[in-house]
Number of protein chains: 2
Amino acid sequence: MKDSPEYLAKKSFFDKVLTIYGRNAVMEALEDDAVTIHKLHFSKSNKDATVLEQMKEIAQRRGIEVAYHDKQALSRISKNAKQDQGVALDIVLEHFGDEESFLDAHNTYRIIALDGITNPQNLGMIIRSCAAGNVDAILLPTKGAAQISPLVIKASVGTLFKMPIIKTTDLEKTLESFQSKGASLYTLSSHASNSYKEQSYSNKTIFVLGNESEGVSKRVEDLCDKSIAIPMQRGVESLNVAVTASLLAFL
Amino acid sequence: MKDSPEYLAKKSFFDKVLTIYGRNAVMEALEDDAVTIHKLHFSKSNKDATVLEQMKEIAQRRGIEVAYHDKQALSRISKNAKQDQGVALDIVLEHFGDEESFLDAHNTYRIIALDGITNPQNLGMIIRSCAAGNVDAILLPTKGAAQISPLVIKASVGTLFKMPIIKTTDLEKTLESFQSKGASLYTLSSHASNSYKEQSYSNKTIFVLGNESEGVSKRVEDLCDKSIAIPMQRGVESLNVAVTASLLAFL
């Protein structure tokens, strides 16, 4: 049985929805007219507070739907009972999508794939640099790594809302799939003899960047077609991963 | 009267000494054999604590001089009574110096000058990228900006001890002095029409980078010879200052 067009449209909409939480983060997003908002959620157990009244006022002014839940239901929405402070907000990321929708729109591309980046500051900086630079999308695993959070939005200085992001639940499988459709995968390695500046990159290029401390996972490394190095002075062994992403984004 | 050679040698040594404070920071530095240490300072008012005993043991093993002071004297050494926790440590930065000693050793150079960088994380990342990249020194004001601190050392991932840093108490005056000796000063500006990649830089080049939120101060901007831009996609207006420094360091 094929999925109905209504189901697919709904699925594709919810693929673009991201829920953030916490009073400061939600307030910041509500106040930013550049952020498209789907729905504002409150816990019924919230005590009266000025900031909650302000949120309701903004919601009314912006025509945003408001929903009230019991405490447990709200924590299922926020997925973080400890830090939601009784408030969650569904925001719409127009440039969020999956591999398929990305490939429908791009014959040639340069992608930065992130393998286990855990620091939200770094993820935000990577998004900012990729948005400003020559990168068509970021490939972001939805498990085992920093997720889009208020901290990430802040560190991205709003560029998250401009940057195409391809979500994957299985990075290795998605990279293999791209590879089977002609993409070349490059990893960074301090031991590689090829400088990143002296390559002629394929018109379907994916740079795979690894975790801040452990680098790219073995299974993903084995998939890659080529290792490249950023030559460094003074015996320095590595750069901050957001700096590495930036050097590749501005190649 | 000329300064005696003894006085000059002593002055030149103390130019390279930096005092850090706080129990965690001091312990980390003591444990790192790559850090050259001049002297360990305690307040006599400290209560017994395991970490203080450990510090004394390391000092004995490494042959580091230990001094005891009353509380006020220690706070004059740490210059931060509120946060020193009764402990300070003089570390030696071999690559610290002033304009004169730098120019004695360099006929041509590329320098990154920092005008009011306040975030220690950013300063640490800038040091790391400059140490790894093609930058001969960082020009760092000793007032009105982030100073070398434990946070900065940490964010530099130890590269602080490898990177030449020129200290200045008056950035504008030092930049003018470099300029009078043939240096060209470049500032970054999103409005500039010259891309940073398409310049032929002078062999005495100084890039001046401004504060995270306000950019380069007006007086310093007026001094500069040329404005250059990093062209950006998607209407992004700026990059993290450490990313900007990194792109220039790896030009």
# chains A, B, ... in the order shown; residues from 1 in each chain; ligands from 1
$ residues_around --residues "stretch 111-126 of chain A" --least-positions-apart "5" --cutoff "9 Å" --atoms "only C-alpha atoms" --output "ChimeraX atom specification"
/A:131,135-141,143-149,151-157,159-160,171,175,204-212,215-217,220,240-246,248-249 /B:239-240,243
$ closest_atom_pairs --of "chain B" --to "chain A" --cutoff "7 Å" --atoms "only C-alpha atoms" --output "tab-separated table"
residue	atom	partner	partner_atom	distance
B:Arg128	CA	A:Leu239	CA	6.9
B:Ser129	CA	A:Leu239	CA	6.5
B:Ala131	CA	A:Arg234	CA	6.5
B:Ala132	CA	A:Met232	CA	4.6
B:Gly133	CA	A:Met232	CA	5.9
B:Lys162	CA	A:Arg234	CA	6.9
B:Met232	CA	A:Ala132	CA	4.6
B:Gln233	CA	A:Ala132	CA	4.6
B:Arg234	CA	A:Ala132	CA	6.3
B:Val236	CA	A:Ala132	CA	5.4
B:Leu239	CA	A:Ser129	CA	6.5
B:Val243	CA	A:Val243	CA	5.8
B:Ser246	CA	A:Val243	CA	6.6
B:Leu247	CA	A:Leu247	CA	6.2
$ write_last_selection --atoms "N, CA and C atoms" --output "compact mmCIF listing (two decimals), in the first residue's frame"
# COMPACT_ATOMS: atom_id res chain seq x y z
N ARG B 128 45.27 28.84 19.10
CA ARG B 128 45.46 27.50 18.54
C ARG B 128 45.58 27.55 17.01
N SER B 129 44.67 28.30 16.37
CA SER B 129 44.70 28.36 14.90
C SER B 129 45.91 29.11 14.39
N ALA B 131 48.80 29.35 15.93
CA ALA B 131 49.98 28.50 16.15
C ALA B 131 50.09 27.46 15.05
N ALA B 132 48.96 26.92 14.63
CA ALA B 132 48.97 25.88 13.58
C ALA B 132 49.14 26.48 12.19
N GLY B 133 48.75 27.74 12.02
CA GLY B 133 48.73 28.35 10.70
C GLY B 133 49.96 29.19 10.41
N LYS B 162 53.47 27.61 22.59
CA LYS B 162 54.25 27.55 21.35
C LYS B 162 54.14 28.83 20.51
N MET B 232 30.40 36.20 1.84
CA MET B 232 29.55 35.22 2.51
C MET B 232 28.26 34.95 1.75
N GLN B 233 27.80 33.71 1.83
CA GLN B 233 26.55 33.26 1.20
C GLN B 233 25.37 33.52 2.13
N ARG B 234 24.17 33.35 1.57
CA ARG B 234 22.89 33.31 2.31
C ARG B 234 22.65 34.53 3.21
N VAL B 236 24.50 35.87 5.30
CA VAL B 236 25.15 35.84 6.60
C VAL B 236 26.07 37.06 6.71
N LEU B 239 31.18 36.17 10.77
CA LEU B 239 31.66 34.87 11.26
C LEU B 239 32.14 35.04 12.69
N VAL B 243 36.96 32.04 13.89
CA VAL B 243 36.90 31.49 12.54
C VAL B 243 37.56 32.46 11.56
N SER B 246 41.16 32.19 11.83
CA SER B 246 41.63 30.93 11.26
C SER B 246 41.72 31.00 9.74
N LEU B 247 40.71 31.62 9.12
CA LEU B 247 40.75 31.75 7.65
C LEU B 247 41.96 32.58 7.22
$ residues_around --residues "B:Thr19" --least-positions-apart "5" --cutoff "8 Å" --atoms "only C-alpha atoms" --output "ChimeraX atom specification"
/B:77-78,88-91
$ write_last_selection --atoms "N, CA and C atoms" --output "PDB file, in the first residue's frame"
ATOM      1  N   ILE B  77      49.811  39.467  44.228  1.00  0.00           N
ATOM      2  CA  ILE B  77      50.458  38.606  43.228  1.00  0.00           C
ATOM      3  C   ILE B  77      49.434  38.073  42.206  1.00  0.00           C
ATOM      4  N   SER B  78      48.310  37.577  42.738  1.00  0.00           N
ATOM      5  CA  SER B  78      47.310  36.997  41.819  1.00  0.00           C
ATOM      6  C   SER B  78      46.556  38.092  41.067  1.00  0.00           C
ATOM      7  N   ALA B  88      48.589  30.901  43.733  1.00  0.00           N
ATOM      8  CA  ALA B  88      48.963  31.525  42.459  1.00  0.00           C
ATOM      9  C   ALA B  88      50.212  30.833  41.922  1.00  0.00           C
ATOM     10  N   LEU B  89      50.402  30.924  40.620  1.00  0.00           N
ATOM     11  CA  LEU B  89      51.534  30.234  40.005  1.00  0.00           C
ATOM     12  C   LEU B  89      52.110  31.113  38.900  1.00  0.00           C
ATOM     13  N   ASP B  90      53.424  31.336  38.962  1.00  0.00           N
ATOM     14  CA  ASP B  90      54.087  32.085  37.887  1.00  0.00           C
ATOM     15  C   ASP B  90      54.531  31.095  36.818  1.00  0.00           C
ATOM     16  N   ILE B  91      53.996  31.232  35.629  1.00  0.00           N
ATOM     17  CA  ILE B  91      54.456  30.368  34.551  1.00  0.00           C
ATOM     18  C   ILE B  91      55.259  31.192  33.559  1.00  0.00           C
TER      19      ILE B  91
END
$ decode --residues "stretch 125-146 of chain B" --atoms "N, CA and C atoms" --output "mmCIF file, in the first residue's frame"
data_model
loop_
_atom_site.group_PDB
_atom_site.id
_atom_site.type_symbol
_atom_site.label_atom_id
_atom_site.label_comp_id
_atom_site.auth_asym_id
_atom_site.auth_seq_id
_atom_site.Cartn_x
_atom_site.Cartn_y
_atom_site.Cartn_z
ATOM 1 N N MET B 125 40.969 29.737 21.004
ATOM 2 C CA MET B 125 40.871 29.173 19.655
ATOM 3 C C MET B 125 41.721 29.944 18.653
ATOM 4 N N ILE B 126 41.766 31.269 18.825
ATOM 5 C CA ILE B 126 42.592 32.090 17.929
ATOM 6 C C ILE B 126 44.062 31.699 18.086
ATOM 7 N N ILE B 127 44.500 31.540 19.339
ATOM 8 C CA ILE B 127 45.897 31.154 19.580
ATOM 9 C C ILE B 127 46.191 29.798 18.927
ATOM 10 N N ARG B 128 45.267 28.844 19.103
ATOM 11 C CA ARG B 128 45.460 27.505 18.537
ATOM 12 C C ARG B 128 45.576 27.548 17.009
ATOM 13 N N SER B 129 44.668 28.298 16.368
ATOM 14 C CA SER B 129 44.698 28.358 14.904
ATOM 15 C C SER B 129 45.914 29.114 14.391
ATOM 16 N N CYS B 130 46.293 30.181 15.091
ATOM 17 C CA CYS B 130 47.470 30.949 14.658
ATOM 18 C C CYS B 130 48.734 30.119 14.833
ATOM 19 N N ALA B 131 48.803 29.350 15.931
ATOM 20 C CA ALA B 131 49.982 28.502 16.154
ATOM 21 C C ALA B 131 50.095 27.456 15.050
ATOM 22 N N ALA B 132 48.957 26.918 14.626
ATOM 23 C CA ALA B 132 48.966 25.884 13.582
ATOM 24 C C ALA B 132 49.141 26.480 12.187
ATOM 25 N N GLY B 133 48.749 27.737 12.024
ATOM 26 C CA GLY B 133 48.728 28.347 10.698
ATOM 27 C C GLY B 133 49.961 29.188 10.412
ATOM 28 N N ASN B 134 49.810 30.065 9.438
ATOM 29 C CA ASN B 134 50.958 30.838 8.967
ATOM 30 C C ASN B 134 50.954 32.247 9.546
ATOM 31 N N VAL B 135 51.074 32.310 10.845
ATOM 32 C CA VAL B 135 51.063 33.590 11.544
ATOM 33 C C VAL B 135 52.318 33.629 12.417
ATOM 34 N N ASP B 136 53.046 34.753 12.341
ATOM 35 C CA ASP B 136 54.302 34.823 13.087
ATOM 36 C C ASP B 136 54.124 35.280 14.516
ATOM 37 N N ALA B 137 53.049 36.045 14.774
ATOM 38 C CA ALA B 137 52.793 36.481 16.151
ATOM 39 C C ALA B 137 51.365 36.979 16.271
ATOM 40 N N ILE B 138 50.880 36.965 17.496
ATOM 41 C CA ILE B 138 49.611 37.608 17.832
ATOM 42 C C ILE B 138 49.960 38.865 18.612
ATOM 43 N N LEU B 139 49.325 39.980 18.242
ATOM 44 C CA LEU B 139 49.533 41.233 18.976
ATOM 45 C C LEU B 139 48.348 41.403 19.922
ATOM 46 N N LEU B 140 48.637 41.357 21.231
ATOM 47 C CA LEU B 140 47.579 41.254 22.241
ATOM 48 C C LEU B 140 47.622 42.401 23.243
ATOM 49 N N PRO B 141 46.581 43.228 23.286
ATOM 50 C CA PRO B 141 46.537 44.299 24.283
ATOM 51 C C PRO B 141 46.400 43.714 25.684
ATOM 52 N N THR B 142 47.050 44.330 26.656
ATOM 53 C CA THR B 142 46.986 43.809 28.022
ATOM 54 C C THR B 142 45.884 44.482 28.837
ATOM 55 N N LYS B 143 45.087 45.337 28.188
ATOM 56 C CA LYS B 143 43.952 45.957 28.889
ATOM 57 C C LYS B 143 42.700 45.908 28.007
ATOM 58 N N GLY B 144 41.527 45.920 28.653
ATOM 59 C CA GLY B 144 40.260 46.036 27.927
ATOM 60 C C GLY B 144 39.953 44.861 27.034
ATOM 61 N N ALA B 145 40.509 43.708 27.342
ATOM 62 C CA ALA B 145 40.291 42.536 26.501
ATOM 63 C C ALA B 145 40.573 41.297 27.334
ATOM 64 N N ALA B 146 40.167 40.132 26.810
ATOM 65 C CA ALA B 146 40.448 38.880 27.517
ATOM 66 C C ALA B 146 41.958 38.733 27.680
#
